[in-house]
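Pasted below: run-v2.csv, CSV, C-alpha atoms.
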chain,number,residue,atom,x,y,z
V,1,MET,CA,0.0,0.0,0.0
V,2,THR,CA,1.3,3.4,-0.9
V,3,GLU,CA,2.0,5.3,2.4
V,4,ILE,CA,2.8,8.6,0.7
V,5,PHE,CA,0.1,10.7,-1.0
V,6,ARG,CA,1.2,11.3,-4.5
V,7,THR,CA,-1.4,13.6,-6.0
V,8,ARG,CA,0.8,15.6,-8.2
V,9,ASP,CA,3.3,14.9,-11.1
V,10,CYS,CA,6.2,15.9,-8.9
V,11,VAL,CA,6.0,15.3,-5.1
V,12,VAL,CA,8.6,17.1,-2.9
V,13,PHE,CA,10.2,15.5,0.1
V,14,PHE,CA,13.1,17.9,0.5
V,15,LYS,CA,13.2,21.4,-1.0
V,16,GLY,CA,16.2,22.9,-2.8
V,17,ASP,CA,16.5,26.2,-4.7
V,18,ALA,CA,13.4,27.5,-6.6
V,19,TYR,CA,12.6,30.7,-8.5
V,20,ALA,CA,10.1,31.8,-11.1
V,21,VAL,CA,11.2,32.1,-14.8
V,22,ALA,CA,9.5,33.0,-18.0
V,23,VAL,CA,8.6,30.1,-20.4
V,24,SER,CA,9.0,30.1,-24.2
V,25,PRO,CA,6.0,30.5,-26.5
V,26,GLN,CA,6.3,26.9,-27.4
V,27,MET,CA,6.0,25.8,-23.8
V,28,GLN,CA,3.2,28.3,-23.1
V,29,GLN,CA,1.3,26.8,-26.0
V,30,ASN,CA,1.8,23.1,-25.4
V,31,GLY,CA,2.1,22.9,-21.6
V,32,TRP,CA,4.2,20.7,-19.4
V,33,ALA,CA,4.0,18.1,-16.6
V,34,GLY,CA,5.4,18.7,-13.2
V,35,GLY,CA,9.0,17.5,-13.1
V,36,GLN,CA,9.6,18.5,-16.7
V,37,ALA,CA,13.2,19.6,-17.3
V,38,VAL,CA,13.9,23.0,-18.9
V,39,MET,CA,16.9,24.7,-20.3
V,40,TRP,CA,17.7,28.4,-20.8
V,41,ASP,CA,16.4,30.0,-24.0
V,42,ASP,CA,17.1,33.2,-25.8
V,43,SER,CA,14.6,36.0,-25.4
V,44,PRO,CA,14.3,39.4,-27.0
V,45,LEU,CA,13.1,40.7,-23.6
V,46,ASP,CA,15.0,41.3,-20.4
V,47,GLU,CA,13.8,38.2,-18.8
V,48,PHE,CA,15.1,34.7,-17.7
V,49,ARG,CA,13.4,32.4,-20.2
V,50,VAL,CA,13.4,28.6,-20.5
V,51,THR,CA,12.1,26.0,-22.9
V,52,TYR,CA,11.9,22.2,-23.0
V,53,SER,CA,15.2,20.6,-22.2
V,54,ASP,CA,16.8,18.5,-24.9
V,55,GLY,CA,19.3,17.1,-22.4
V,56,LEU,CA,20.8,20.3,-21.1
V,57,TYR,CA,19.4,21.9,-18.0
V,58,GLY,CA,18.4,24.9,-16.1
V,59,GLY,CA,16.5,22.7,-13.8
V,60,PHE,CA,13.0,21.1,-13.6
V,61,PHE,CA,9.6,22.5,-13.2
V,62,LEU,CA,7.9,22.0,-9.8
V,63,TRP,CA,4.3,22.2,-11.0
V,64,GLY,CA,2.7,21.1,-14.3
V,65,SER,CA,0.9,23.6,-16.4
V,66,ASP,CA,-2.5,21.9,-16.0
V,67,GLU,CA,-2.5,19.3,-13.2
V,68,SER,CA,-5.6,17.7,-11.9
V,69,SER,CA,-4.8,18.9,-8.4
V,70,ASP,CA,-5.1,22.5,-9.6
V,71,GLN,CA,-8.6,22.1,-11.0
V,72,TYR,CA,-11.2,24.4,-9.4
V,73,VAL,CA,-8.6,26.5,-7.6
V,74,SER,CA,-7.2,29.9,-8.5
V,75,PHE,CA,-3.9,28.3,-9.7
V,76,PHE,CA,-5.9,26.7,-12.6
V,77,LYS,CA,-3.8,27.3,-15.8
V,78,ASN,CA,-2.2,30.2,-14.0
V,79,GLN,CA,1.3,29.5,-15.3
V,80,ILE,CA,0.3,29.2,-18.9
V,81,ALA,CA,-1.9,32.4,-18.8
V,82,TYR,CA,1.0,34.4,-17.4
V,83,GLY,CA,3.8,32.6,-19.1
V,84,PHE,CA,5.9,31.5,-16.2
V,85,GLY,CA,7.0,28.3,-14.4
V,86,VAL,CA,8.8,27.6,-11.1
V,87,LEU,CA,12.3,26.4,-11.8
V,88,CYS,CA,14.0,24.0,-9.3
V,89,LEU,CA,17.7,23.3,-9.0
V,90,GLY,CA,20.2,22.4,-6.4
V,91,GLY,CA,19.5,19.5,-4.1
V,92,TRP,CA,15.9,18.1,-4.0
V,93,LEU,CA,14.4,14.9,-2.9
V,94,ILE,CA,11.4,14.3,-5.3
V,95,SER,CA,9.2,11.6,-6.6
V,96,THR,CA,7.9,12.0,-10.1
V,97,THR,CA,6.1,10.4,-13.0
V,98,THR,CA,8.0,12.5,-15.5
V,99,TYR,CA,10.6,10.0,-16.5
V,100,GLU,CA,11.2,7.9,-19.6
V,101,LYS,CA,9.4,4.6,-19.2
V,102,TYR,CA,10.8,3.0,-22.4
V,103,THR,CA,14.2,2.9,-24.0
V,104,TYR,CA,15.1,5.5,-26.6
V,105,ALA,CA,15.8,2.8,-29.2
V,106,SER,CA,12.4,1.1,-28.7
V,107,ARG,CA,10.5,4.5,-28.8
V,108,THR,CA,12.1,5.5,-32.1
V,109,GLY,CA,12.8,2.1,-33.7
V,110,GLY,CA,9.2,1.2,-34.4
V,111,GLY,CA,9.4,-2.1,-32.6
V,112,PRO,CA,7.8,-3.1,-29.3
V,113,LEU,CA,8.4,-0.8,-26.4
V,114,VAL,CA,11.1,-2.0,-24.0
V,115,PRO,CA,10.9,-0.7,-20.4
V,116,ILE,CA,13.9,1.0,-18.9
V,117,VAL,CA,14.9,-0.8,-15.7
V,118,TYR,CA,15.7,1.8,-13.0
V,119,THR,CA,17.9,0.8,-10.1
V,120,GLU,CA,18.6,2.7,-6.9
V,121,GLY,CA,21.9,4.7,-6.9
V,122,VAL,CA,22.2,5.0,-10.7
V,123,ARG,CA,22.7,8.5,-12.0
V,124,VAL,CA,20.1,10.2,-14.2
V,125,ARG,CA,20.2,12.9,-16.8
V,126,PHE,CA,17.5,14.4,-19.1
V,127,SER,CA,16.2,12.9,-22.3
V,128,LEU,CA,15.7,14.7,-25.6
V,129,ARG,CA,12.3,15.8,-24.4
V,130,GLY,CA,13.4,16.7,-20.9
V,131,TYR,CA,12.3,13.7,-18.9
V,132,PHE,CA,14.5,12.0,-16.3
V,133,THR,CA,16.3,9.0,-17.7
V,134,THR,CA,19.3,6.8,-17.2
V,135,GLU,CA,20.0,6.7,-20.9
V,136,ASP,CA,22.3,9.0,-22.9
V,137,GLU,CA,20.0,9.9,-25.8
V,138,TRP,CA,22.5,12.3,-27.4
V,139,THR,CA,24.7,9.5,-28.6
V,140,PRO,CA,22.1,7.3,-30.4
V,141,SER,CA,20.3,10.3,-31.8
V,142,GLY,CA,23.5,11.8,-33.3
V,143,HIS,CA,23.3,14.9,-31.2
V,144,ALA,CA,26.3,17.2,-31.7
V,145,GLY,CA,27.0,17.4,-28.0
V,146,ALA,CA,27.2,13.7,-27.5
V,147,PRO,CA,27.8,12.0,-25.1
V,148,ASN,CA,25.5,13.6,-22.6
V,149,ASN,CA,27.3,13.6,-19.3
V,150,PHE,CA,25.1,16.3,-17.8
V,151,TYR,CA,24.1,14.2,-14.8
V,152,VAL,CA,21.4,15.8,-12.6
V,153,GLY,CA,20.8,13.3,-9.8
V,154,SER,CA,20.6,9.8,-8.5
V,155,ILE,CA,17.7,7.3,-8.2
V,156,THR,CA,16.4,6.9,-4.7
V,157,GLN,CA,13.4,4.7,-5.4
V,158,SER,CA,12.8,2.6,-8.5
V,159,PRO,CA,9.2,2.7,-9.8
V,160,LYS,CA,7.0,-0.1,-8.4
V,161,ALA,CA,3.5,-0.8,-7.3
V,162,SER,CA,4.2,0.3,-3.7
V,163,ASN,CA,5.1,3.8,-4.8
V,164,SER,CA,2.5,4.1,-7.5
V,165,PHE,CA,5.2,3.8,-10.1
V,166,TYR,CA,6.7,7.1,-9.3
V,167,LEU,CA,10.5,7.5,-9.7
V,168,GLY,CA,12.3,8.8,-6.6
V,169,ILE,CA,15.2,11.1,-7.4
V,170,GLN,CA,17.9,13.0,-5.4
V,171,THR,CA,18.7,15.9,-7.6
V,172,ALA,CA,22.1,17.7,-7.7
V,173,ILE,CA,21.8,20.5,-10.3
K,174,MET,CA,49.3,24.7,21.3
K,175,PRO,CA,46.0,23.0,21.8
K,176,PRO,CA,43.6,22.6,18.8
K,177,GLU,CA,41.3,25.6,18.4
K,178,GLN,CA,38.4,23.4,17.1
K,179,PHE,CA,36.5,21.2,19.5
K,180,ARG,CA,36.2,17.8,17.9
K,181,THR,CA,34.0,15.7,20.1
K,182,ARG,CA,32.1,13.8,17.4
K,183,ASP,CA,33.1,11.6,14.4
K,184,CYS,CA,31.8,14.3,12.1
K,185,VAL,CA,32.0,17.9,13.0
K,186,ILE,CA,30.0,20.5,11.0
K,187,LEU,CA,31.4,23.9,10.1
K,188,LEU,CA,29.0,24.7,7.3
K,189,LYS,CA,25.6,23.0,6.9
K,190,GLY,CA,24.1,21.8,3.6
K,191,ASP,CA,21.0,19.7,2.9
K,192,ALA,CA,19.9,17.1,5.5
K,193,TYR,CA,17.1,14.7,5.6
K,194,PRO,CA,16.1,11.5,7.6
K,195,VAL,CA,16.2,8.2,5.7
K,196,THR,CA,15.6,4.6,6.7
K,197,VAL,CA,18.6,2.4,7.2
K,198,ASP,CA,18.6,-1.3,6.1
K,199,PRO,CA,18.9,-4.1,8.6
K,200,VAL,CA,22.6,-4.6,7.8
K,201,MET,CA,23.4,-1.0,8.9
K,202,ALA,CA,21.0,-1.1,11.8
K,203,SER,CA,22.8,-4.2,13.2
K,204,GLY,CA,26.3,-3.3,12.2
K,205,GLY,CA,26.2,0.4,13.3
K,206,TRP,CA,28.1,3.2,11.6
K,207,LYS,CA,30.3,6.2,12.4
K,208,GLY,CA,29.4,9.8,11.8
K,209,GLY,CA,30.6,10.7,8.3
K,210,GLN,CA,29.9,7.2,6.9
K,211,GLY,CA,29.0,7.3,3.2
K,212,VAL,CA,25.6,5.7,2.4
K,213,GLN,CA,23.9,4.8,-0.9
K,214,TRP,CA,20.3,4.2,-2.0
K,215,VAL,CA,19.0,0.7,-2.1
K,216,ALA,CA,15.7,-0.9,-3.2
K,217,SER,CA,13.0,-1.5,-0.6
K,218,ASP,CA,9.8,-3.4,-0.7
K,219,LYS,CA,8.1,-0.5,1.1
K,220,ASP,CA,7.4,3.0,0.1
K,221,GLU,CA,10.4,4.5,1.9
K,222,PHE,CA,13.8,6.0,1.2
K,223,LEU,CA,16.3,3.3,2.2
K,224,VAL,CA,20.1,3.5,2.4
K,225,THR,CA,22.9,1.1,3.2
K,226,TYR,CA,26.7,1.4,3.5
K,227,SER,CA,28.2,3.0,0.4
K,228,ASP,CA,30.4,0.8,-1.7
K,229,GLY,CA,31.5,3.8,-3.8
K,230,LEU,CA,28.1,5.2,-4.8
K,231,TYR,CA,26.4,7.9,-2.8
K,232,ALA,CA,23.3,9.3,-1.4
K,233,GLY,CA,25.3,11.3,1.0
K,234,PHE,CA,26.9,10.8,4.4
K,235,ALA,CA,25.5,10.0,7.8
K,236,LEU,CA,25.7,13.1,10.0
K,237,TRP,CA,25.8,11.2,13.3
K,238,GLY,CA,27.2,7.9,14.2
K,239,SER,CA,24.9,5.2,15.6
K,240,ASN,CA,26.6,5.0,18.9
K,241,GLU,CA,28.9,7.9,19.5
K,242,SER,CA,30.4,8.7,22.9
K,243,SER,CA,29.0,12.2,22.8
K,244,ASP,CA,25.5,10.7,22.8
K,245,GLU,CA,26.0,8.5,25.9
K,246,PHE,CA,23.6,9.3,28.8
K,247,THR,CA,21.3,11.3,26.5
K,248,ALA,CA,18.0,10.5,24.8
K,249,MET,CA,20.0,10.0,21.5
K,250,THR,CA,21.8,6.9,22.9
K,251,ARG,CA,21.4,4.3,20.2
K,252,ASN,CA,18.3,6.0,19.0
K,253,GLN,CA,19.1,5.7,15.3
K,254,PRO,CA,19.7,2.0,15.2
K,255,SER,CA,16.7,1.3,17.4
K,256,TYR,CA,14.4,3.1,15.1
K,257,GLN,CA,16.4,2.3,11.9
K,258,PHE,CA,16.9,5.8,10.7
K,259,ALA,CA,19.8,8.1,10.0
K,260,THR,CA,20.2,11.7,9.0
K,261,VAL,CA,21.9,12.0,5.6
K,262,GLY,CA,23.9,15.1,4.5
K,263,ALA,CA,24.0,16.0,0.8
K,264,GLY,CA,24.7,19.2,-1.2
K,265,GLY,CA,27.4,21.5,0.0
K,266,TRP,CA,29.0,21.1,3.5
K,267,ILE,CA,32.2,21.7,5.2
K,268,ILE,CA,32.9,19.0,7.7
K,269,MET,CA,35.7,17.5,9.8
K,270,THR,CA,35.7,13.8,10.1
K,271,THR,CA,37.6,10.7,11.1
K,272,SER,CA,35.7,8.5,8.8
K,273,PHE,CA,38.2,8.4,6.0
K,274,GLU,CA,40.5,5.6,4.8
K,275,GLN,CA,43.8,5.9,6.7
K,276,TYR,CA,45.7,3.2,4.8
K,277,THR,CA,46.0,2.3,1.1
K,278,TYR,CA,43.6,-0.2,-0.3
K,279,ALA,CA,46.4,-2.5,-1.4
K,280,SER,CA,48.1,-2.5,2.1
K,281,ARG,CA,44.7,-3.2,3.8
K,282,GLN,CA,44.5,-6.4,1.8
K,283,ALA,CA,47.9,-7.8,2.6
K,284,GLY,CA,51.2,-6.7,4.0
K,285,PRO,CA,52.1,-3.8,6.3
K,286,LEU,CA,49.7,-0.9,6.4
K,287,VAL,CA,50.8,2.0,4.3
K,288,PRO,CA,49.2,5.4,5.2
K,289,ILE,CA,47.5,7.4,2.5
K,290,VAL,CA,49.0,10.8,2.2
K,291,TYR,CA,46.2,13.4,1.7
K,292,ASN,CA,46.8,16.8,0.4
K,293,ALA,CA,44.7,19.9,0.3
K,294,SER,CA,42.6,20.0,-2.9
K,295,ASP,CA,42.7,16.2,-3.4
K,296,ARG,CA,39.4,15.0,-4.9
K,297,LEU,CA,37.5,12.4,-2.9
K,298,VAL,CA,35.2,9.4,-3.5
K,299,PHE,CA,33.8,6.9,-1.2
K,300,SER,CA,35.7,3.6,-0.6
K,301,LEU,CA,34.2,0.2,-0.9
K,302,ARG,CA,33.1,0.5,2.8
K,303,GLY,CA,31.9,4.1,2.4
K,304,TYR,CA,34.8,6.0,3.9
K,305,TRP,CA,36.2,9.1,2.3
K,306,THR,CA,39.3,8.3,0.3
K,307,LYS,CA,41.4,9.7,-2.6
K,308,GLU,CA,41.9,6.2,-4.0
K,309,ASP,CA,39.6,4.7,-6.7
K,310,GLU,CA,38.9,1.3,-5.0
K,311,TRP,CA,36.7,0.2,-7.9
K,312,THR,CA,39.7,0.1,-10.1
K,313,LEU,CA,42.0,-1.4,-7.5
K,314,SER,CA,39.6,-4.1,-6.6
K,315,GLY,CA,38.6,-5.0,-10.2
K,316,ASP,CA,35.1,-3.8,-9.7
K,317,PRO,CA,33.3,-3.9,-13.1
K,318,ARG,CA,31.9,-0.4,-12.5
K,319,ALA,CA,35.5,1.1,-12.5
K,320,PRO,CA,36.7,3.7,-12.7
K,321,ASN,CA,34.9,5.5,-9.8
K,322,GLY,CA,34.1,9.0,-11.1
K,323,TYR,CA,31.6,9.7,-8.4
K,324,PHE,CA,33.6,12.5,-6.8
K,325,ILE,CA,31.9,14.0,-3.7
K,326,GLY,CA,34.4,16.6,-2.3
K,327,PHE,CA,37.7,18.1,-1.9
K,328,VAL,CA,40.3,18.0,1.0
K,329,ILE,CA,40.5,21.3,2.8
K,330,GLN,CA,42.8,20.2,5.6
K,331,PRO,CA,44.7,16.9,5.4
K,332,PRO,CA,44.8,15.0,8.7
K,333,SER,CA,47.7,16.0,11.0
K,334,THR,CA,48.6,16.4,14.6
K,335,ALA,CA,47.3,20.0,14.4
K,336,THR,CA,43.8,18.7,13.4
K,337,GLN,CA,43.8,15.8,15.8
K,338,GLN,CA,44.0,13.5,12.7
K,339,TYR,CA,40.6,14.7,11.5
K,340,MET,CA,40.3,15.5,7.8
K,341,THR,CA,38.4,18.6,6.8
K,342,ILE,CA,36.3,18.2,3.6
K,343,GLN,CA,34.4,20.5,1.3
K,344,VAL,CA,31.5,18.3,0.4
K,345,SER,CA,29.7,18.6,-3.0
K,346,ILE,CA,27.1,16.0,-3.5
Rewrite the coordinates I just gave you, this time as structure tokens.
Amino acid sequence: MTEIFRTRDCVVFFKGDAYAVAVSPQMQQNGWAGGQAVMWDDSPLDEFRVTYSDGLYGGFFLWGSDESSDQYVSFFKNQIAYGFGVLCLGGWLISTTTYEKYTYASRTGGGPLVPIVYTEGVRVRFSLRGYFTTEDEWTPSGHAGAPNNFYVGSITQSPKASNSFYLGIQTAI
Amino acid sequence: MPPEQFRTRDCVILLKGDAYPVTVDPVMASGGWKGGQGVQWVASDKDEFLVTYSDGLYAGFALWGSNESSDEFTAMTRNQPSYQFATVGAGGWIIMTTSFEQYTYASRQAGPLVPIVYNASDRLVFSLRGYWTKEDEWTLSGDPRAPNGYFIGFVIQPPSTATQQYMTIQVSI
């Protein structure tokens, strides 16, 4: 039985650094899940702006843009309306559903989906769409920056029924 | 001249970073640990954050030992092993500790003990038993994970008579 209430995309057990940043038009239009990684983005304005991570990082977003827990409250779609998100970096202890469930090869190869096996203590980085993963997606995708050694944390809890298939992560960003 | 720092615990804190309580596994609870002991995440059947002795990986270090002399005759006496928890330090710290490898890995396996000579600015990892060391024991022991690139700090003060043989470390986890 799950002993911890996990009612959001990203559940926080220990808080690190957090500050508000502007989001790119692309993010504002398409939204994001809590725990989504973001990286710094150019802006014509004098603002700190981020967009979806492609493996680089500014940090991760604390709250999703349209989470069920925000329905019927004043926070409802607040971030999208005003074009901001709350960026997290430094040391956090979190539990999130925003991680890659299947290998990059199986997601892009057209074959059957192959689950990624997460193990406690293994380091994580961000995938090409800014989800937590153990895989280096820069190398198989031919990314110019390969290999991706921008590690952002370690696994504290592998996903399983007892934790509602959330991934536990100790971040170090 | 007497030392200017009071060193009455295994791990003395000069600057505090992140700290949170975690569950310790039965091996640690029965075996005990020193303050400054490195710990790493392990899998658990329950929805908990569980650690055990580090073997070179890290979650952080145990702030307090399980049975330190400074805790005798207080409510803290063997409190942690009884309730199977420890307080883990991660992020940035400055600590002084005796929980470091004093002798080379090779000499601890066979032959006369050879002291490790630490110098200021040496980079540190955890040894196979979770003590701070400058040696890569994964490579020396033939561990398939070698080399150990999980650096977790720098030496500020090498152990000496002036420091009562404590090592001062800038932690970066």
Legend entry - Exercise: region 208-220 of chain K partners within 6 Å, only C-alpha atoms, chain neighbours under 2 positions left out, as a PyMOL selection string: (chain V and resi 120-121+156+162-163) or (chain K and resi 183-184+223-227+230-238+272+303-304)
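Nearest-residue note for chain K: choosing from V:Thr51, V:Leu45, V:Leu56, V:Phe14, the minimum distance belongs to V:Phe14, counting only C-alpha atoms.
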Legend entry - Pick from K:Met249, K:Glu308, K:Glu221, K:Arg318, whichever lies nearest to Pro159 (chain V) using only C-alpha atoms: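 The shortest atom-to-atom distance to Pro159 (chain V) comes from K:Glu221.
Residue nearest Met269 (chain K), chosen from K:Tyr323, K:Phe299, K:Phe179, K:Tyr339 and counting all atoms listed in the file: K:Tyr339.
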Legend entry - Proximity to chain K - best of V:Ala144, V:Ile94, V:Ala20, V:Ile4, all atoms listed in the file: V:Ile4
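Remark: for chain V, the closest of the candidate residues K:Gly262, K:Arg296, K:Ala319, K:Phe246 is K:Gly262 (distances computed over all atoms listed in the file).
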Shell of 7 Å around Tyr19 (chain V), all atoms listed in the file, local chain residues under 5 positions omitted, as a PDB file with C-alpha atoms, in the frame of the given file:
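Saved to selection-v7.pdb:
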ATOM      1  CA  VAL V  86       8.800  27.600 -11.100  1.00  0.00           C
ATOM      2  CA  LEU V  87      12.300  26.400 -11.800  1.00  0.00           C
ATOM      3  CA  CYS V  88      14.000  24.000  -9.300  1.00  0.00           C
TER       4      CYS V  88
END
Inset, instruction - Please report as a PyMOL selection string which residues of chain V come no farther than 10 Å from chain K, using all atoms listed in the file. - result: chain V and resi 1-4+13-16+90-93+119-123+153-164+168+170-173
Legend entry - Polymer residues at most 7 Å from (10.2, 0.8, -27.0) by all atoms listed in the file, as a PyMOL selection string: chain V and resi 102-107+111-115
Legend entry - CA of Gly229 (chain K) to CA of Ser300 (chain K), straight-line distance in Å: 5.3 Å
Inset, instruction - Pick out the closest residue to Pro331 (chain K) from this set: K:Tyr278, K:Thr271, K:Phe258, K:Ser314. Count all atoms listed in the file. - result: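 Residue with the minimum atom-to-atom distance to Pro331 (chain K): K:Thr271.
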Inset, instruction - To one decimal in Å, tell me the separation between CA of Ile325 (chain K) and CA of Ser53 (chain V). - result: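 CA of Ser53 (chain V) lies at a distance of 25.8 Å from CA of Ile325 (chain K).
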Inset, instruction - To one decimal in Å, tell me the separation between CA of Asp42 (chain V) and CA of Val152 (chain V). - result: 22.3 Å
Inset, instruction - Excluding Ser69 (chain V) and residues on its chain fewer than 5 positions from it, collect all residues at most 10 Å away from it, counting only C-alpha atoms, and give them as a PyMOL selection string. - result: chain V and resi 7-9+64+75-76
